[in-house]
>>> print(open('model-v7.cif').read())   # mmCIF, C-alpha atoms
data_run
#
loop_
_atom_site.label_atom_id
_atom_site.label_comp_id
_atom_site.auth_asym_id
_atom_site.auth_seq_id
_atom_site.Cartn_x
_atom_site.Cartn_y
_atom_site.Cartn_z
CA MET R 1 0.00 0.00 0.00
CA ALA R 2 2.33 2.72 1.16
CA ASP R 3 5.44 1.80 -0.69
CA ASN R 4 6.92 5.16 -1.29
CA LYS R 5 7.99 5.90 2.22
CA GLU R 6 11.22 7.40 1.07
CA ARG R 7 9.87 10.21 -0.94
CA PRO R 8 12.11 13.22 -0.77
CA GLU R 9 10.75 16.46 0.51
CA ARG R 10 8.10 17.84 -1.74
CA THR R 11 8.77 20.52 -4.26
CA PRO R 12 7.08 23.87 -3.78
CA SER R 13 4.51 23.09 -6.41
CA GLU R 14 3.76 19.72 -4.90
CA LYS R 15 3.33 21.43 -1.60
CA ALA R 16 0.98 23.90 -3.14
CA ASP R 17 -1.06 21.06 -4.57
CA PHE R 18 -1.07 19.32 -1.26
CA LYS R 19 -2.17 22.42 0.54
CA ARG R 20 -4.92 23.09 -1.92
CA GLU R 21 -6.23 19.59 -1.52
CA LEU R 22 -5.90 19.77 2.21
CA GLU R 23 -7.81 23.00 2.23
CA GLY R 24 -10.50 21.39 0.16
CA VAL R 25 -11.19 18.68 2.69
CA VAL R 26 -11.35 20.90 5.76
CA PRO R 27 -15.13 21.21 5.64
CA HIS R 28 -15.39 17.44 5.47
CA LEU R 29 -13.02 17.03 8.34
CA ARG R 30 -15.14 19.38 10.37
CA ALA R 31 -18.28 17.47 9.54
CA PHE R 32 -16.71 14.13 10.39
CA ALA R 33 -15.20 15.45 13.59
CA ARG R 34 -18.45 16.96 14.71
CA GLY R 35 -20.19 13.69 14.10
CA LEU R 36 -17.53 11.87 16.03
CA CYS R 37 -17.31 13.95 19.12
CA GLY R 38 -20.52 15.91 18.98
CA ARG R 39 -19.13 19.15 20.30
CA PRO R 40 -18.36 21.80 17.71
CA ASP R 41 -15.56 23.41 19.69
CA MET R 42 -13.79 20.16 20.34
CA ALA R 43 -14.44 19.01 16.83
CA ASP R 44 -12.71 22.05 15.42
CA ASP R 45 -9.78 21.61 17.78
CA LEU R 46 -9.48 18.09 16.51
CA VAL R 47 -9.52 19.21 12.93
CA GLN R 48 -6.80 21.74 13.59
CA GLU R 49 -4.74 19.07 15.21
CA ALA R 50 -5.32 16.77 12.26
CA LEU R 51 -4.38 19.48 9.79
CA LEU R 52 -1.11 20.11 11.55
CA LYS R 53 -0.34 16.43 11.54
CA ALA R 54 -1.33 16.05 7.94
CA TRP R 55 0.88 18.93 6.93
CA ALA R 56 3.79 17.51 8.85
CA ALA R 57 3.27 14.11 7.29
CA GLN R 58 2.66 15.26 3.77
CA GLU R 59 5.50 13.21 2.36
CA ARG R 60 3.49 10.17 3.23
CA PHE R 61 0.54 11.25 1.18
CA GLU R 62 0.44 9.60 -2.17
CA PRO R 63 -0.66 12.12 -4.77
CA GLY R 64 -3.67 10.96 -6.68
CA THR R 65 -5.17 9.08 -3.77
CA SER R 66 -8.05 10.36 -1.72
CA MET R 67 -7.03 13.28 0.44
CA ARG R 68 -10.29 13.00 2.29
CA ALA R 69 -9.71 9.38 3.22
CA TRP R 70 -6.11 10.07 4.17
CA THR R 71 -6.95 12.98 6.42
CA PHE R 72 -9.89 11.13 7.95
CA VAL R 73 -7.48 8.51 9.19
CA ILE R 74 -5.38 11.21 10.79
CA LEU R 75 -8.41 12.88 12.28
CA ARG R 76 -9.70 9.61 13.61
CA ASN R 77 -6.41 8.80 15.24
CA ALA R 78 -6.28 12.22 16.81
CA TYR R 79 -9.77 11.69 18.12
CA LEU R 80 -8.97 8.30 19.57
CA THR R 81 -5.79 9.57 21.12
CA ASP R 82 -7.63 12.42 22.76
CA MET R 83 -10.34 10.10 23.88
CA ARG R 84 -7.76 7.88 25.41
CA ARG R 85 -6.59 10.84 27.40
CA ASN R 86 -10.14 11.13 28.64
CA ARG R 87 -10.62 14.38 26.90
CA PHE R 88 -14.02 13.40 25.64
CA ARG R 89 -15.15 10.51 27.66
CA GLY R 90 -17.96 11.25 29.99
CA GLU R 91 -18.03 14.87 29.03
CA TYR R 92 -21.29 14.72 27.25
CA ASP R 93 -23.16 17.73 28.45
CA GLU R 94 -26.85 18.23 27.92
CA ASN R 95 -26.59 21.96 27.44
CA VAL R 96 -23.84 21.73 24.96
CA ALA R 97 -25.70 18.96 23.24
CA GLU R 98 -28.74 21.15 22.87
CA ARG R 99 -26.64 23.79 21.25
CA ILE R 100 -25.21 21.33 18.80
CA LEU R 101 -28.58 20.02 17.99
CA THR R 102 -29.89 23.38 17.06
CA ALA R 103 -26.75 24.41 15.27
CA PRO R 104 -27.62 23.13 11.83
CA ALA R 105 -30.64 25.36 11.78
CA GLY R 106 -32.43 26.76 8.82
CA GLN R 107 -33.75 23.51 7.54
CA GLU R 108 -37.35 22.59 7.99
CA GLU R 109 -37.18 19.01 6.95
CA PRO R 110 -39.69 16.41 8.00
CA ILE R 111 -36.98 14.50 9.74
CA HIS R 112 -35.72 16.59 12.58
CA LEU R 113 -32.03 16.95 12.34
CA SER R 114 -31.83 17.49 16.05
CA ASP R 115 -33.40 14.11 16.70
CA MET R 116 -31.13 12.68 14.13
CA HIS R 117 -28.03 14.06 15.75
CA ARG R 118 -29.10 13.14 19.22
CA ALA R 119 -29.78 9.59 18.12
CA LEU R 120 -26.45 9.49 16.39
CA LEU R 121 -24.65 10.56 19.52
CA THR R 122 -26.17 7.74 21.49
CA LEU R 123 -24.56 5.14 19.27
CA PRO R 124 -21.43 3.43 20.45
CA PRO R 125 -18.55 5.34 18.91
CA GLU R 126 -17.34 2.68 16.55
CA ARG R 127 -20.79 2.29 15.06
CA ARG R 128 -21.27 5.99 14.91
CA GLU R 129 -18.06 6.45 13.02
CA ALA R 130 -18.88 3.64 10.62
CA LEU R 131 -22.27 5.10 9.89
CA LEU R 132 -20.80 8.56 9.49
CA LEU R 133 -18.26 7.38 7.00
CA VAL R 134 -20.64 5.33 4.91
CA GLY R 135 -23.99 6.97 5.46
CA ALA R 136 -22.94 10.60 5.61
CA GLY R 137 -19.49 10.82 4.12
CA GLY R 138 -20.35 8.64 1.17
CA PHE R 139 -17.39 6.32 1.54
CA SER R 140 -17.70 2.78 0.32
CA TYR R 141 -17.48 -0.02 2.84
CA GLU R 142 -14.00 -0.77 1.58
CA GLU R 143 -12.86 2.81 2.00
CA ALA R 144 -14.40 3.00 5.44
CA ALA R 145 -12.67 -0.22 6.40
CA ASN R 146 -9.36 1.22 5.30
CA ILE R 147 -9.95 4.36 7.27
CA CYS R 148 -10.85 2.45 10.39
CA GLY R 149 -8.19 -0.17 9.90
CA CYS R 150 -10.61 -3.03 10.18
CA ALA R 151 -12.15 -5.64 7.96
CA VAL R 152 -14.87 -4.77 5.49
CA GLY R 153 -17.21 -7.20 7.19
CA THR R 154 -16.67 -5.42 10.46
CA ILE R 155 -17.66 -2.12 8.93
CA LYS R 156 -20.71 -3.67 7.33
CA SER R 157 -21.85 -5.10 10.58
CA ARG R 158 -21.25 -1.84 12.44
CA VAL R 159 -23.17 0.12 9.86
CA GLY R 160 -25.94 -2.42 9.96
CA ARG R 161 -26.23 -2.24 13.71
CA ALA R 162 -26.07 1.53 13.66
CA ARG R 163 -28.84 1.66 11.09
CA ALA R 164 -30.97 -0.72 13.04
CA ALA R 165 -30.48 1.32 16.19
CA LEU R 166 -31.36 4.56 14.45
CA ASN R 167 -34.34 2.93 12.80
CA SER R 168 -35.83 1.95 16.06
CA MET R 169 -34.93 5.16 17.83
CA LEU R 170 -36.27 7.41 15.13
CA ALA R 171 -39.27 5.33 14.31
CA ASP R 172 -40.36 5.06 17.90
CA GLY R 173 -39.29 8.56 18.74
CA ASP R 174 -37.52 6.94 21.63
CA ILE R 175 -34.18 8.64 21.78
CA PRO R 176 -32.27 8.40 25.01
CA GLN R 177 -31.55 11.70 26.63
CA ARG R 178 -27.94 11.02 27.24
CA ALA R 179 -25.28 9.59 25.09
CA ILE R 180 -24.37 6.13 26.14
CA GLU R 181 -20.67 6.05 26.13
CA ASP R 182 -19.93 2.42 26.23
CA GLU R 183 -16.58 1.55 27.73
CA GLY R 184 -16.40 -1.71 25.88
CA ALA R 185 -16.93 -0.04 22.58
CA HIS R 186 -14.23 2.47 23.33
CA ARG R 187 -11.90 -0.32 24.12
CA ALA R 188 -12.66 -1.99 20.82
CA ILE R 189 -11.66 1.00 18.77
CA LEU R 190 -8.74 1.79 20.97
CA GLU R 191 -7.41 -1.65 20.27
CA GLU R 192 -7.82 -1.01 16.61
CA LEU R 193 -5.97 2.20 17.06
CA ASP R 194 -3.04 0.18 18.31
CA ASP R 195 -3.18 -1.86 15.16
CA VAL R 196 -3.27 1.23 13.06
CA ALA R 197 -0.38 2.72 14.96
CA ALA R 198 1.56 -0.48 14.47
CA GLY R 199 1.21 -0.06 10.76
CA ASN R 200 -1.47 -2.65 10.22
CA GLY R 201 -3.88 -0.03 9.12
CA VAL R 202 -5.45 -2.17 6.47
CA ALA R 203 -7.39 -5.26 7.36
CA ALA R 204 -6.37 -5.28 10.96
CA SER R 205 -6.26 -8.66 12.52
CA LYS R 206 -8.93 -9.33 15.00
CA SER R 207 -7.38 -11.10 17.86
CA MET W 1 -25.62 30.74 0.35
CA THR W 2 -27.63 27.73 1.31
CA SER W 3 -29.97 27.89 -1.59
CA SER W 4 -29.50 24.38 -2.80
CA LYS W 5 -30.13 21.72 -0.27
CA LYS W 6 -30.14 18.58 -2.25
CA HIS W 7 -28.02 19.15 -5.27
CA GLU W 8 -24.88 20.64 -4.12
CA PRO W 9 -21.89 20.34 -6.34
CA GLY W 10 -18.91 20.18 -4.06
CA THR W 11 -17.71 16.65 -3.85
CA GLY W 12 -19.26 14.36 -6.31
CA GLU W 13 -19.35 11.49 -3.90
CA GLY W 14 -22.16 10.62 -1.63
CA THR W 15 -24.44 8.56 -3.75
CA LYS W 16 -22.40 5.43 -3.69
CA SER W 17 -23.92 4.04 -0.57
CA GLY W 18 -27.40 5.34 -1.17
CA LYS W 19 -29.62 2.34 -1.22
CA ALA W 20 -32.99 2.57 -2.81
CA LYS W 21 -34.80 1.80 0.38
CA ASP W 22 -32.96 3.95 2.82
CA PRO W 23 -35.20 5.06 5.63
CA GLU W 24 -36.02 8.73 5.70
CA TRP W 25 -33.46 9.49 8.34
CA ALA W 26 -30.71 8.42 5.99
CA ASN W 27 -31.17 11.62 4.11
CA GLY W 28 -31.14 13.47 7.39
CA LEU W 29 -27.80 11.98 8.18
CA LYS W 30 -26.36 13.34 4.98
CA GLN W 31 -27.95 16.68 5.64
CA LEU W 32 -26.42 16.77 9.05
CA TYR W 33 -23.04 16.14 7.57
CA ASP W 34 -23.56 18.51 4.68
CA SER W 35 -24.80 21.25 6.95
CA VAL W 36 -21.38 21.30 8.56
CA VAL W 37 -19.60 20.96 5.24
CA ASN W 38 -21.46 24.00 4.01
CA GLU W 39 -20.75 26.14 7.02
CA PRO W 40 -18.42 29.01 6.32
CA LEU W 41 -14.95 28.13 7.46
CA PRO W 42 -14.00 29.80 10.74
CA ASP W 43 -11.09 32.20 10.48
CA SER W 44 -9.00 30.04 12.72
CA PHE W 45 -8.71 27.54 9.91
CA LYS W 46 -7.75 30.11 7.37
CA SER W 47 -4.99 31.44 9.54
CA LEU W 48 -3.79 27.95 10.30
CA LEU W 49 -3.61 27.15 6.61
CA ASP W 50 -1.90 30.43 5.93
CA GLN W 51 0.80 29.49 8.38
CA PHE W 52 1.58 26.45 6.33
CA ASP W 53 2.84 28.68 3.58
CA ASP W 54 5.70 30.15 5.52
CA THR W 55 6.55 27.25 7.77
CA PRO W 56 8.55 24.76 5.73
CA ARG W 57 6.95 21.75 7.24
CA LYS W 58 7.33 21.85 10.97
CA PRO W 59 3.93 22.31 12.46
CA ASP W 60 4.99 23.13 15.93
CA SER W 61 5.90 26.76 15.91
CA LYS W 62 3.20 28.14 18.12
CA SER W 63 0.80 27.08 15.51
CA ALA W 64 -2.30 26.79 17.54
CA GLU W 65 -3.20 27.85 20.97
CA ARG W 66 -4.40 24.46 21.90
CA SER W 67 -3.26 23.55 25.32
CA SER W 68 -3.13 19.90 24.49
CA GLY W 69 -0.28 18.16 26.15
CA GLU W 70 1.43 17.43 22.90
CA GLU W 71 4.81 15.93 22.80
CA SER W 72 6.84 19.06 22.54
CA SER W 73 9.51 18.40 20.01
CA SER W 74 12.52 20.49 20.61
#
>>> encode(input="model-v7.cif", output="structure tokens")
Amino acid sequence: MADNKERPERTPSEKADFKRELEGVVPHLRAFARGLCGRPDMADDLVQEALLKAWAAQERFEPGTSMRAWTFVILRNAYLTDMRRNRFRGEYDENVAERILTAPAGQEEPIHLSDMHRALLTLPPERREALLLVGAGGFSYEEAANICGCAVGTIKSRVGRARAALNSMLADGDIPQRAIEDEGAHRAILEELDDVAAGNGVAASKS
Amino acid sequence: MTSSKKHEPGTGEGTKSGKAKDPEWANGLKQLYDSVVNEPLPDSFKSLLDQFDDTPRKPDSKSAERSSGEESSS
């Protein structure tokens, strides 16, 4: 996959290309981050962190591949690292949540985006991220699996479970008031993070 | 600025995973995502990106006022 690890430092024009592409994905990074952690301020912090890391690691980006997918991996790792430092865990705050939920205002759609978002935030993080990638970000299962460093089947099952959960929540109008931050689920993605960090980003082995 | 809800140009992706029988919230999920994508970019991002132009490639020169306990590379 990443065979060109010894690329020399980029030329100015390559850097300009890189920067332009990076700039282009910032809105997507923000959207993904907000879906991941729910809080706009933290989400934007995460994106800034990811941008810095992406810029610093630009030699590892293979031109012609998806900048969005590449930066999502970085963003995701930043998120998981922060989560591991307990930056996010257990910080779900009803007031802040209400603000988020009303943030994407201006749309009178039959499906209430606030319900949607609240339901989304109740999902275990690894299902939430899978659904975000596939259902919102438009990534294929394969791309999402690469981003998450897990098997395609794993992504499919996570998306399936996330969809089922949202179906029942939104159909019944029965959305829990608080996000359920499931320790076990955190552990699952944190273990994957270790795989990713170890360089087994693709098709991580499930032990 | 937000005149077009459904057909926004931007990234051409997004239809790949759209199944025919998605429940109605599936569209809401995309809208949720797109609503953030379509937000105007806060200035903090512009200034961060601007910094990239003058810094060769080291990100750590006071780049952001995040007080995250980053590994401070010296």
>>> resolve_selection(input="model-v7.cif", expression="the PyMOL selection byres ((chain R and resi 130) around 7)", output="PDB file with C-alpha atoms, in the coordinates of the input")
ATOM      1  CA  GLU R 126     -17.340   2.680  16.550  1.00  0.00           C
ATOM      2  CA  ARG R 127     -20.790   2.290  15.060  1.00  0.00           C
ATOM      3  CA  ARG R 128     -21.270   5.990  14.910  1.00  0.00           C
ATOM      4  CA  GLU R 129     -18.060   6.450  13.020  1.00  0.00           C
ATOM      5  CA  LEU R 131     -22.270   5.100   9.890  1.00  0.00           C
ATOM      6  CA  LEU R 132     -20.800   8.560   9.490  1.00  0.00           C
ATOM      7  CA  LEU R 133     -18.260   7.380   7.000  1.00  0.00           C
ATOM      8  CA  VAL R 134     -20.640   5.330   4.910  1.00  0.00           C
ATOM      9  CA  ALA R 144     -14.400   3.000   5.440  1.00  0.00           C
ATOM     10  CA  ILE R 155     -17.660  -2.120   8.930  1.00  0.00           C
ATOM     11  CA  ARG R 158     -21.250  -1.840  12.440  1.00  0.00           C
ATOM     12  CA  VAL R 159     -23.170   0.120   9.860  1.00  0.00           C
TER      13      VAL R 159
END
>>> interface_residues(input="model-v7.cif", of="chain R", to="chain W", cutoff="8 Å", atoms="all atoms listed in the file", output="ChimeraX atom specification")
/R:19,23,27-28,30-32,35,45,48,52-53,55-56,104,111-113,116-117,132,134-140,167,170
>>> atom_distance(input="model-v7.cif", atom1="atom CA of R:Pro12", atom2="atom CA of R:Asn146")
29.4 Å
>>> atom_distance(input="model-v7.cif", atom1="atom CA of R:Val152", atom2="atom CA of R:Ala69")
15.2 Å
>>> atom_distance(input="model-v7.cif", atom1="atom CA of R:Gly24", atom2="atom CA of R:Leu51")
11.6 Å
